[in-house]
Amino acid sequence: VQLQASGGGLVQAGGSLSLSCAVSGNTFQYYLMGWYRQAPGKQRELVASVTSGGTTDYGDFVEGRFTISRDNAKSTVVLQMNSLNPEDTAVYYCSTRPRWNSPVRYWGQGTQVTVSS
């Protein structure tokens with residue numbers, strides 16, 4: 001399984017960015033797809049995830065600002081981020097856990113998101 005993330009960049013506080021992750025294989029079969037982030041000196045944390053059934057989960061810090069979606073026809077997962085603030089600055093990683101009964105997870109290479117104040 002290979003994941004290719006794109007869409008990061010520099011944005012001013014209050015702005016928006018959309019991150020996209022292209023995933024190899026038939027993603028409609030993959031149980032869980034999601035985005036994580038890691039800021040300097042901090043642990044990697046969940047941003048958002050979505051199951052094959054459409055159930056979503058978000059980090060507490062999201063507070064309704066981000067939306068995750070998956071397009072199985074295009075084998076992509078998209079994270080729309082609005083109302084960004086400097087605390088959202090981090091490297092964002094897309095990830096998939098293909099099977100619900102296995103902890104095996106695959107990661108993309110990460111894309112930098114920088115929010116200026």
# chains A, B, ... in the order shown; residues from 1 in each chain; ligands from 1
>>> closest_atom_pairs(of="segment 37-66 of chain A", to="segment 23-29 of chain A", cutoff="12 Å", atoms="only C-alpha atoms", output="tab-separated table")
residue	atom	partner	partner_atom	distance
A:Val50	CA	A:Phe28	CA	11.6
A:Thr51	CA	A:Phe28	CA	9.7
A:Ser52	CA	A:Phe28	CA	6.5
A:Gly53	CA	A:Phe28	CA	9.5
A:Gly54	CA	A:Phe28	CA	10.8
>>> write_last_selection(atoms="C-alpha atoms", output="mmCIF file, in the first residue's frame")
data_model
loop_
_atom_site.group_PDB
_atom_site.id
_atom_site.type_symbol
_atom_site.label_atom_id
_atom_site.label_comp_id
_atom_site.auth_asym_id
_atom_site.auth_seq_id
_atom_site.Cartn_x
_atom_site.Cartn_y
_atom_site.Cartn_z
ATOM 1 C CA VAL A 50 -13.143 7.912 8.409
ATOM 2 C CA THR A 51 -14.165 4.274 8.230
ATOM 3 C CA SER A 52 -15.372 2.375 5.199
ATOM 4 C CA GLY A 53 -18.863 2.792 6.631
ATOM 5 C CA GLY A 54 -18.519 6.566 6.776
#
>>> select_by_dssp(residues="segment 8-67 of chain A", states="strand (DSSP E)", output="PyMOL selection string")
chain A and resi 9-12+17-23+32-38+45-51+56-58+66-67
>>> closest_residue(among="A:Ala90, A:Leu3, A:Cys21, A:Ala13", to="Gln43 of chain A", atoms="only C-alpha atoms")
A:Ala90
>>> closest_residue(among="A:Leu19, A:Leu79, A:Leu32, A:Val11", to="Asn101 of chain A", atoms="only C-alpha atoms")
A:Leu32
>>> closest_residue(among="A:Pro98, A:Arg37, A:Gly14, A:Val47", to="Thr111 of chain A", atoms="only C-alpha atoms")
A:Arg37
>>> decode(residues="segment 90-104 of chain A", atoms="all heavy atoms", output="PDB file, in the first residue's frame")
ATOM      1  N   ALA A  90       2.250  21.986  11.498  1.00  0.00           N
ATOM      2  CA  ALA A  90       2.755  20.630  11.739  1.00  0.00           C
ATOM      3  C   ALA A  90       2.993  19.948  10.404  1.00  0.00           C
ATOM      4  O   ALA A  90       2.608  20.463   9.347  1.00  0.00           O
ATOM      5  CB  ALA A  90       1.754  19.818  12.562  1.00  0.00           C
ATOM      6  N   VAL A  91       3.616  18.778  10.476  1.00  0.00           N
ATOM      7  CA  VAL A  91       3.652  17.899   9.313  1.00  0.00           C
ATOM      8  C   VAL A  91       2.424  16.993   9.400  1.00  0.00           C
ATOM      9  O   VAL A  91       2.186  16.369  10.435  1.00  0.00           O
ATOM     10  CB  VAL A  91       4.937  17.055   9.279  1.00  0.00           C
ATOM     11  CG1 VAL A  91       4.913  16.107   8.076  1.00  0.00           C
ATOM     12  CG2 VAL A  91       6.163  17.954   9.215  1.00  0.00           C
ATOM     13  N   TYR A  92       1.670  16.941   8.330  1.00  0.00           N
ATOM     14  CA  TYR A  92       0.446  16.158   8.279  1.00  0.00           C
ATOM     15  C   TYR A  92       0.696  14.879   7.481  1.00  0.00           C
ATOM     16  O   TYR A  92       1.228  14.926   6.373  1.00  0.00           O
ATOM     17  CB  TYR A  92      -0.684  16.971   7.653  1.00  0.00           C
ATOM     18  CG  TYR A  92      -1.244  18.012   8.589  1.00  0.00           C
ATOM     19  CD1 TYR A  92      -0.483  19.119   8.966  1.00  0.00           C
ATOM     20  CD2 TYR A  92      -2.519  17.883   9.130  1.00  0.00           C
ATOM     21  CE1 TYR A  92      -0.978  20.065   9.854  1.00  0.00           C
ATOM     22  CE2 TYR A  92      -3.035  18.831  10.001  1.00  0.00           C
ATOM     23  CZ  TYR A  92      -2.252  19.919  10.367  1.00  0.00           C
ATOM     24  OH  TYR A  92      -2.756  20.852  11.242  1.00  0.00           O
ATOM     25  N   TYR A  93       0.281  13.759   8.063  1.00  0.00           N
ATOM     26  CA  TYR A  93       0.492  12.454   7.454  1.00  0.00           C
ATOM     27  C   TYR A  93      -0.857  11.793   7.174  1.00  0.00           C
ATOM     28  O   TYR A  93      -1.725  11.762   8.050  1.00  0.00           O
ATOM     29  CB  TYR A  93       1.282  11.543   8.382  1.00  0.00           C
ATOM     30  CG  TYR A  93       2.670  12.026   8.726  1.00  0.00           C
ATOM     31  CD1 TYR A  93       2.898  12.855   9.824  1.00  0.00           C
ATOM     32  CD2 TYR A  93       3.770  11.642   7.950  1.00  0.00           C
ATOM     33  CE1 TYR A  93       4.168  13.292  10.145  1.00  0.00           C
ATOM     34  CE2 TYR A  93       5.045  12.079   8.266  1.00  0.00           C
ATOM     35  CZ  TYR A  93       5.234  12.895   9.354  1.00  0.00           C
ATOM     36  OH  TYR A  93       6.503  13.329   9.670  1.00  0.00           O
ATOM     37  N   CYS A  94      -0.986  11.237   5.994  1.00  0.00           N
ATOM     38  CA  CYS A  94      -2.156  10.409   5.754  1.00  0.00           C
ATOM     39  C   CYS A  94      -1.804   8.959   6.072  1.00  0.00           C
ATOM     40  O   CYS A  94      -0.645   8.554   6.029  1.00  0.00           O
ATOM     41  CB  CYS A  94      -2.685  10.555   4.338  1.00  0.00           C
ATOM     42  SG  CYS A  94      -1.555  10.068   3.027  1.00  0.00           S
ATOM     43  N   SER A  95      -2.823   8.219   6.408  1.00  0.00           N
ATOM     44  CA  SER A  95      -2.604   6.860   6.895  1.00  0.00           C
ATOM     45  C   SER A  95      -3.809   6.000   6.563  1.00  0.00           C
ATOM     46  O   SER A  95      -4.932   6.500   6.454  1.00  0.00           O
ATOM     47  CB  SER A  95      -2.403   6.883   8.412  1.00  0.00           C
ATOM     48  OG  SER A  95      -2.317   5.586   8.945  1.00  0.00           O
ATOM     49  N   THR A  96      -3.561   4.713   6.423  1.00  0.00           N
ATOM     50  CA  THR A  96      -4.667   3.791   6.266  1.00  0.00           C
ATOM     51  C   THR A  96      -4.416   2.525   7.072  1.00  0.00           C
ATOM     52  O   THR A  96      -3.277   2.075   7.204  1.00  0.00           O
ATOM     53  CB  THR A  96      -4.919   3.442   4.787  1.00  0.00           C
ATOM     54  OG1 THR A  96      -6.084   2.604   4.704  1.00  0.00           O
ATOM     55  CG2 THR A  96      -3.748   2.700   4.174  1.00  0.00           C
ATOM     56  N   ARG A  97      -5.476   2.010   7.626  1.00  0.00           N
ATOM     57  CA  ARG A  97      -5.456   0.704   8.281  1.00  0.00           C
ATOM     58  C   ARG A  97      -6.428  -0.152   7.491  1.00  0.00           C
ATOM     59  O   ARG A  97      -7.638  -0.050   7.653  1.00  0.00           O
ATOM     60  CB  ARG A  97      -5.897   0.823   9.733  1.00  0.00           C
ATOM     61  CG  ARG A  97      -5.584  -0.392  10.593  1.00  0.00           C
ATOM     62  CD  ARG A  97      -6.036  -0.171  12.018  1.00  0.00           C
ATOM     63  NE  ARG A  97      -7.216  -0.969  12.310  1.00  0.00           N
ATOM     64  CZ  ARG A  97      -8.060  -0.708  13.310  1.00  0.00           C
ATOM     65  NH1 ARG A  97      -7.887   0.350  14.069  1.00  0.00           N
ATOM     66  NH2 ARG A  97      -9.088  -1.498  13.522  1.00  0.00           N
ATOM     67  N   PRO A  98      -5.912  -0.951   6.576  1.00  0.00           N
ATOM     68  CA  PRO A  98      -6.794  -1.617   5.613  1.00  0.00           C
ATOM     69  C   PRO A  98      -7.805  -2.592   6.211  1.00  0.00           C
ATOM     70  O   PRO A  98      -8.916  -2.717   5.694  1.00  0.00           O
ATOM     71  CB  PRO A  98      -5.813  -2.345   4.684  1.00  0.00           C
ATOM     72  CG  PRO A  98      -4.549  -1.573   4.810  1.00  0.00           C
ATOM     73  CD  PRO A  98      -4.503  -1.144   6.249  1.00  0.00           C
ATOM     74  N   ARG A  99      -7.418  -3.272   7.288  1.00  0.00           N
ATOM     75  CA  ARG A  99      -8.293  -4.324   7.827  1.00  0.00           C
ATOM     76  C   ARG A  99      -8.736  -3.977   9.248  1.00  0.00           C
ATOM     77  O   ARG A  99      -7.910  -3.637  10.087  1.00  0.00           O
ATOM     78  CB  ARG A  99      -7.569  -5.660   7.810  1.00  0.00           C
ATOM     79  CG  ARG A  99      -7.144  -6.096   6.423  1.00  0.00           C
ATOM     80  CD  ARG A  99      -6.531  -7.490   6.428  1.00  0.00           C
ATOM     81  NE  ARG A  99      -6.066  -7.878   5.110  1.00  0.00           N
ATOM     82  CZ  ARG A  99      -6.836  -8.402   4.179  1.00  0.00           C
ATOM     83  NH1 ARG A  99      -8.120  -8.579   4.428  1.00  0.00           N
ATOM     84  NH2 ARG A  99      -6.333  -8.731   3.015  1.00  0.00           N
ATOM     85  N   TRP A 100     -10.004  -4.151   9.519  1.00  0.00           N
ATOM     86  CA  TRP A 100     -10.533  -3.788  10.827  1.00  0.00           C
ATOM     87  C   TRP A 100      -9.984  -4.687  11.924  1.00  0.00           C
ATOM     88  O   TRP A 100      -9.889  -4.289  13.084  1.00  0.00           O
ATOM     89  CB  TRP A 100     -12.059  -3.866  10.821  1.00  0.00           C
ATOM     90  CG  TRP A 100     -12.604  -5.258  10.685  1.00  0.00           C
ATOM     91  CD1 TRP A 100     -12.887  -5.919   9.538  1.00  0.00           C
ATOM     92  CD2 TRP A 100     -12.905  -6.168  11.752  1.00  0.00           C
ATOM     93  NE1 TRP A 100     -13.340  -7.173   9.814  1.00  0.00           N
ATOM     94  CE2 TRP A 100     -13.375  -7.363  11.157  1.00  0.00           C
ATOM     95  CE3 TRP A 100     -12.828  -6.095  13.138  1.00  0.00           C
ATOM     96  CZ2 TRP A 100     -13.765  -8.462  11.907  1.00  0.00           C
ATOM     97  CZ3 TRP A 100     -13.212  -7.177  13.894  1.00  0.00           C
ATOM     98  CH2 TRP A 100     -13.677  -8.361  13.273  1.00  0.00           C
ATOM     99  N   ASN A 101      -9.606  -5.909  11.550  1.00  0.00           N
ATOM    100  CA  ASN A 101      -9.151  -6.873  12.552  1.00  0.00           C
ATOM    101  C   ASN A 101      -7.634  -6.998  12.586  1.00  0.00           C
ATOM    102  O   ASN A 101      -7.097  -7.978  13.114  1.00  0.00           O
ATOM    103  CB  ASN A 101      -9.784  -8.235  12.288  1.00  0.00           C
ATOM    104  CG  ASN A 101      -9.455  -8.766  10.901  1.00  0.00           C
ATOM    105  OD1 ASN A 101      -8.899  -8.051  10.075  1.00  0.00           O
ATOM    106  ND2 ASN A 101      -9.803 -10.013  10.650  1.00  0.00           N
ATOM    107  N   SER A 102      -6.937  -6.020  12.058  1.00  0.00           N
ATOM    108  CA  SER A 102      -5.477  -6.015  12.097  1.00  0.00           C
ATOM    109  C   SER A 102      -4.977  -4.614  12.421  1.00  0.00           C
ATOM    110  O   SER A 102      -5.489  -3.638  11.889  1.00  0.00           O
ATOM    111  CB  SER A 102      -4.907  -6.460  10.747  1.00  0.00           C
ATOM    112  OG  SER A 102      -3.497  -6.256  10.723  1.00  0.00           O
ATOM    113  N   PRO A 103      -3.960  -4.515  13.296  1.00  0.00           N
ATOM    114  CA  PRO A 103      -3.430  -3.192  13.630  1.00  0.00           C
ATOM    115  C   PRO A 103      -2.457  -2.638  12.593  1.00  0.00           C
ATOM    116  O   PRO A 103      -1.954  -1.532  12.759  1.00  0.00           O
ATOM    117  CB  PRO A 103      -2.715  -3.458  14.961  1.00  0.00           C
ATOM    118  CG  PRO A 103      -2.234  -4.867  14.838  1.00  0.00           C
ATOM    119  CD  PRO A 103      -3.313  -5.578  14.070  1.00  0.00           C
ATOM    120  N   VAL A 104      -2.178  -3.393  11.549  1.00  0.00           N
ATOM    121  CA  VAL A 104      -1.204  -2.956  10.545  1.00  0.00           C
ATOM    122  C   VAL A 104      -1.683  -1.659   9.908  1.00  0.00           C
ATOM    123  O   VAL A 104      -2.822  -1.568   9.437  1.00  0.00           O
ATOM    124  CB  VAL A 104      -0.986  -4.039   9.475  1.00  0.00           C
ATOM    125  CG1 VAL A 104      -0.065  -3.512   8.373  1.00  0.00           C
ATOM    126  CG2 VAL A 104      -0.402  -5.291  10.106  1.00  0.00           C
TER     127      VAL A 104
END
